[in-house]
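Okay, start.pdb now, which holds PDB, C-alpha atoms, pLDDT in the B column:
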```
ATOM      1  CA  MET A   1     179.155 113.455  91.467  1.00 91.00           C
ATOM      2  CA  PHE A   2     177.628 111.187  88.866  1.00 88.00           C
ATOM      3  CA  GLU A   3     178.805 107.610  88.668  1.00 93.00           C
ATOM      4  CA  ILE A   4     179.593 106.425  85.173  1.00 93.00           C
ATOM      5  CA  ASP A   5     180.011 102.894  83.935  1.00 94.00           C
ATOM      6  CA  GLU A   6     181.694 101.086  81.067  1.00 94.00           C
ATOM      7  CA  ILE A   7     178.598 101.371  78.859  1.00 95.00           C
ATOM      8  CA  PHE A   8     178.533 105.154  79.211  1.00 95.00           C
ATOM      9  CA  SER A   9     182.240 105.285  78.339  1.00 96.00           C
ATOM     10  CA  LEU A  10     181.724 103.139  75.248  1.00 95.00           C
ATOM     11  CA  ARG A  11     178.771 105.223  74.055  1.00 95.00           C
ATOM     12  CA  VAL A  12     180.761 108.430  74.343  1.00 96.00           C
ATOM     13  CA  ARG A  13     183.615 106.911  72.357  1.00 96.00           C
ATOM     14  CA  GLU A  14     181.244 105.486  69.723  1.00 94.00           C
ATOM     15  CA  ARG A  15     179.524 108.851  69.262  1.00 94.00           C
ATOM     16  CA  ARG A  16     182.878 110.559  68.796  1.00 94.00           C
ATOM     17  CA  ALA A  17     184.043 107.912  66.322  1.00 92.00           C
ATOM     18  CA  LEU A  18     180.816 108.083  64.309  1.00 92.00           C
ATOM     19  CA  ASN A  19     181.364 111.819  63.936  1.00 91.00           C
ATOM     20  CA  ARG A  20     185.024 111.263  63.023  1.00 93.00           C
ATOM     21  CA  LEU A  21     186.268 113.627  65.702  1.00 95.00           C
ATOM     22  CA  SER A  22     189.551 113.530  67.556  1.00 97.00           C
ATOM     23  CA  VAL A  23     189.478 113.573  71.332  1.00 97.00           C
ATOM     24  CA  ALA A  24     190.669 117.185  71.221  1.00 98.00           C
ATOM     25  CA  ALA A  25     187.972 118.275  68.754  1.00 97.00           C
ATOM     26  CA  ALA A  26     185.192 116.500  70.642  1.00 97.00           C
ATOM     27  CA  ALA A  27     186.379 117.876  73.985  1.00 98.00           C
ATOM     28  CA  LYS A  28     186.360 121.385  72.543  1.00 97.00           C
ATOM     29  CA  GLU A  29     182.797 120.936  71.247  1.00 96.00           C
ATOM     30  CA  ILE A  30     181.678 119.538  74.593  1.00 97.00           C
ATOM     31  CA  GLY A  31     183.465 122.192  76.620  1.00 98.00           C
ATOM     32  CA  ILE A  32     185.657 119.906  78.731  1.00 98.00           C
ATOM     33  CA  SER A  33     189.364 119.124  78.755  1.00 98.00           C
ATOM     34  CA  ARG A  34     190.901 116.523  76.452  1.00 98.00           C
ATOM     35  CA  ARG A  35     192.186 114.672  79.478  1.00 98.00           C
ATOM     36  CA  THR A  36     188.749 114.411  81.060  1.00 97.00           C
ATOM     37  CA  LEU A  37     187.209 113.117  77.840  1.00 98.00           C
ATOM     38  CA  ALA A  38     190.028 110.628  77.321  1.00 97.00           C
ATOM     39  CA  LEU A  39     189.691 109.348  80.898  1.00 97.00           C
ATOM     40  CA  VAL A  40     185.918 108.989  80.493  1.00 97.00           C
ATOM     41  CA  GLU A  41     186.333 107.048  77.242  1.00 96.00           C
ATOM     42  CA  MET A  42     188.995 104.764  78.734  1.00 95.00           C
ATOM     43  CA  GLY A  43     186.826 104.044  81.756  1.00 93.00           C
ATOM     44  CA  LYS A  44     189.441 105.472  84.110  1.00 94.00           C
ATOM     45  CA  LEU A  45     186.950 107.687  85.945  1.00 92.00           C
ATOM     46  CA  ASN A  46     184.269 106.194  88.165  1.00 89.00           C
ATOM     47  CA  ALA A  47     182.474 109.486  88.703  1.00 94.00           C
ATOM     48  CA  ILE A  48     182.297 112.918  87.109  1.00 95.00           C
ATOM     49  CA  SER A  49     180.765 116.189  88.184  1.00 96.00           C
ATOM     50  CA  ARG A  50     177.179 116.987  87.326  1.00 96.00           C
ATOM     51  CA  LYS A  51     178.327 119.802  85.056  1.00 97.00           C
ATOM     52  CA  VAL A  52     180.622 117.514  83.035  1.00 97.00           C
ATOM     53  CA  TYR A  53     177.945 114.806  82.875  1.00 96.00           C
ATOM     54  CA  GLU A  54     175.392 117.294  81.552  1.00 97.00           C
ATOM     55  CA  LYS A  55     177.802 118.657  78.942  1.00 97.00           C
ATOM     56  CA  ILE A  56     178.647 115.180  77.652  1.00 97.00           C
ATOM     57  CA  THR A  57     175.053 113.966  77.520  1.00 95.00           C
ATOM     58  CA  LYS A  58     173.826 117.133  75.791  1.00 95.00           C
ATOM     59  CA  TRP A  59     176.592 116.758  73.206  1.00 96.00           C
ATOM     60  CA  MET A  60     175.696 113.107  72.626  1.00 93.00           C
ATOM     61  CA  ILE A  61     172.024 113.971  72.099  1.00 91.00           C
ATOM     62  CA  LEU A  62     172.903 116.826  69.742  1.00 86.00           C
ATOM     63  CA  LYS A  63     175.284 114.667  67.714  1.00 76.00           C
ATOM     64  CA  LYS A  64     172.663 111.902  67.492  1.00 72.00           C
ATOM     65  CA  GLU A  65     170.083 114.333  66.113  1.00 60.00           C
ATOM     66  CA  VAL A  66     172.516 115.667  63.511  1.00 58.00           C
ATOM     67  CA  MET A  67     173.278 112.205  62.192  1.00 53.00           C
TER      68      MET A  67
END
```

Could you express the structure from this file as C-alpha coordinates?
Amino acid sequence: MFEIDEIFSLRVRERRALNRLSVAAAAKEIGISRRTLALVEMGKLNAISRKVYEKITKWMILKKEVM
(Lines of atoms letter the chains of each structure in order from A and count residues from 1; the text may use other names and numbers.)
(Lines give C-alpha, C1' and ligand atoms only; values in the text may rest on other atoms or scores of the structure.)
Protein backbone atom coordinates (compact mmCIF):
# COMPACT_ATOMS: atom_id res chain seq x y z
CA MET A 1 0.00 0.00 0.00
CA PHE A 2 1.13 3.51 -0.79
CA GLU A 3 0.39 6.25 1.70
CA ILE A 4 -1.06 9.38 0.17
CA ASP A 5 -1.33 12.82 1.68
CA GLU A 6 -3.41 15.95 1.23
CA ILE A 7 -0.98 17.39 -1.33
CA PHE A 8 -1.30 14.32 -3.55
CA SER A 9 -5.09 14.55 -3.30
CA LEU A 10 -5.07 18.23 -4.26
CA ARG A 11 -2.76 17.64 -7.23
CA VAL A 12 -5.00 14.91 -8.59
CA ARG A 13 -8.04 17.16 -8.29
CA GLU A 14 -6.20 20.12 -9.86
CA ARG A 15 -5.06 18.01 -12.82
CA ARG A 16 -8.62 16.81 -13.39
CA ALA A 17 -10.00 20.35 -13.15
CA LEU A 18 -7.39 21.76 -15.53
CA ASN A 19 -8.46 19.16 -18.08
CA ARG A 20 -12.14 19.93 -17.43
CA LEU A 21 -12.99 16.31 -16.72
CA SER A 22 -15.70 14.95 -14.48
CA VAL A 23 -14.74 12.44 -11.83
CA ALA A 24 -16.36 9.72 -13.94
CA ALA A 25 -14.47 10.70 -17.11
CA ALA A 26 -11.13 10.98 -15.33
CA ALA A 27 -11.65 7.67 -13.52
CA LYS A 28 -12.40 5.98 -16.83
CA GLU A 29 -9.22 7.41 -18.39
CA ILE A 30 -7.18 6.34 -15.38
CA GLY A 31 -8.74 2.89 -15.18
CA ILE A 32 -10.07 3.08 -11.62
CA SER A 33 -13.55 3.41 -10.14
CA ARG A 34 -15.26 6.77 -9.71
CA ARG A 35 -15.55 6.09 -6.01
CA THR A 36 -11.83 5.47 -5.59
CA LEU A 37 -10.95 8.66 -7.46
CA ALA A 38 -13.49 10.69 -5.49
CA LEU A 39 -12.16 9.32 -2.18
CA VAL A 40 -8.58 10.11 -3.21
CA GLU A 41 -9.51 13.67 -4.18
CA MET A 42 -11.45 14.23 -0.94
CA GLY A 43 -8.55 12.93 1.13
CA LYS A 44 -10.69 10.14 2.57
CA LEU A 45 -8.12 7.44 1.80
CA ASN A 46 -4.83 7.28 3.67
CA ALA A 47 -3.37 4.57 1.45
CA ILE A 48 -4.00 3.05 -1.96
CA SER A 49 -2.66 -0.01 -3.71
CA ARG A 50 0.49 0.20 -5.77
CA LYS A 51 -1.50 -0.50 -8.92
CA VAL A 52 -3.91 2.39 -8.29
CA TYR A 53 -1.04 4.71 -7.34
CA GLU A 54 0.81 3.88 -10.56
CA LYS A 55 -2.30 4.40 -12.69
CA ILE A 56 -3.00 7.81 -11.14
CA THR A 57 0.58 9.05 -11.38
CA LYS A 58 0.97 7.88 -14.99
CA TRP A 59 -2.27 9.68 -15.88
CA MET A 60 -1.10 12.86 -14.16
CA ILE A 61 2.21 12.80 -16.04
CA LEU A 62 0.46 12.15 -19.36
CA LYS A 63 -2.05 14.94 -18.79
CA LYS A 64 0.76 17.34 -17.84
CA GLU A 65 2.62 16.59 -21.07
CA VAL A 66 -0.50 17.13 -23.17
CA MET A 67 -1.13 20.55 -21.67

Residue by residue, what does the PyMOL selection byres ((chain A and resi 4) around 12) grab here? Present the result as a CSV table (one decimal) with C-alpha atoms, keeping the file's coordinate frame.
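File out-v1.csv, as written:
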```
chain,number,residue,atom,x,y,z
A,1,MET,CA,179.2,113.5,91.5
A,2,PHE,CA,177.6,111.2,88.9
A,3,GLU,CA,178.8,107.6,88.7
A,5,ASP,CA,180.0,102.9,83.9
A,6,GLU,CA,181.7,101.1,81.1
A,7,ILE,CA,178.6,101.4,78.9
A,8,PHE,CA,178.5,105.2,79.2
A,9,SER,CA,182.2,105.3,78.3
A,10,LEU,CA,181.7,103.1,75.2
A,11,ARG,CA,178.8,105.2,74.1
A,12,VAL,CA,180.8,108.4,74.3
A,39,LEU,CA,189.7,109.3,80.9
A,40,VAL,CA,185.9,109.0,80.5
A,41,GLU,CA,186.3,107.0,77.2
A,42,MET,CA,189.0,104.8,78.7
A,43,GLY,CA,186.8,104.0,81.8
A,44,LYS,CA,189.4,105.5,84.1
A,45,LEU,CA,187.0,107.7,85.9
A,46,ASN,CA,184.3,106.2,88.2
A,47,ALA,CA,182.5,109.5,88.7
A,48,ILE,CA,182.3,112.9,87.1
A,49,SER,CA,180.8,116.2,88.2
A,50,ARG,CA,177.2,117.0,87.3
A,52,VAL,CA,180.6,117.5,83.0
A,53,TYR,CA,177.9,114.8,82.9
A,56,ILE,CA,178.6,115.2,77.7
A,57,THR,CA,175.1,114.0,77.5
```

Problem set entry | Residue contacts of Trp59 (chain A) (12 Å, only C-alpha atoms) excluding same-chain residues fewer than 2 positions away, as a PyMOL selection string | chain A and resi 11-12+15-16+19+26-32+52-57+61-66

Those residues you just picked out, can you put them in a file as an mmCIF file, in the coordinates of the input with C-alpha atoms?
```cif
data_model
loop_
_atom_site.group_PDB
_atom_site.id
_atom_site.type_symbol
_atom_site.label_atom_id
_atom_site.label_comp_id
_atom_site.auth_asym_id
_atom_site.auth_seq_id
_atom_site.Cartn_x
_atom_site.Cartn_y
_atom_site.Cartn_z
ATOM 1 C CA ARG A 11 178.771 105.223 74.055
ATOM 2 C CA VAL A 12 180.761 108.430 74.343
ATOM 3 C CA ARG A 15 179.524 108.851 69.262
ATOM 4 C CA ARG A 16 182.878 110.559 68.796
ATOM 5 C CA ASN A 19 181.364 111.819 63.936
ATOM 6 C CA ALA A 26 185.192 116.500 70.642
ATOM 7 C CA ALA A 27 186.379 117.876 73.985
ATOM 8 C CA LYS A 28 186.360 121.385 72.543
ATOM 9 C CA GLU A 29 182.797 120.936 71.247
ATOM 10 C CA ILE A 30 181.678 119.538 74.593
ATOM 11 C CA GLY A 31 183.465 122.192 76.620
ATOM 12 C CA ILE A 32 185.657 119.906 78.731
ATOM 13 C CA VAL A 52 180.622 117.514 83.035
ATOM 14 C CA TYR A 53 177.945 114.806 82.875
ATOM 15 C CA GLU A 54 175.392 117.294 81.552
ATOM 16 C CA LYS A 55 177.802 118.657 78.942
ATOM 17 C CA ILE A 56 178.647 115.180 77.652
ATOM 18 C CA THR A 57 175.053 113.966 77.520
ATOM 19 C CA ILE A 61 172.024 113.971 72.099
ATOM 20 C CA LEU A 62 172.903 116.826 69.742
ATOM 21 C CA LYS A 63 175.284 114.667 67.714
ATOM 22 C CA LYS A 64 172.663 111.902 67.492
ATOM 23 C CA GLU A 65 170.083 114.333 66.113
ATOM 24 C CA VAL A 66 172.516 115.667 63.511
#
```

Taking all listed atoms of region 50-63 of chain A, build the axis-aligned box, pad each of the six sides by 6 Å, then write its centre and edge lengths in Å to one decimal as JSON.
```
{"center_x": 176.3, "center_y": 116.5, "center_z": 77.5, "size_x": 20.6, "size_y": 18.7, "size_z": 31.6}
```
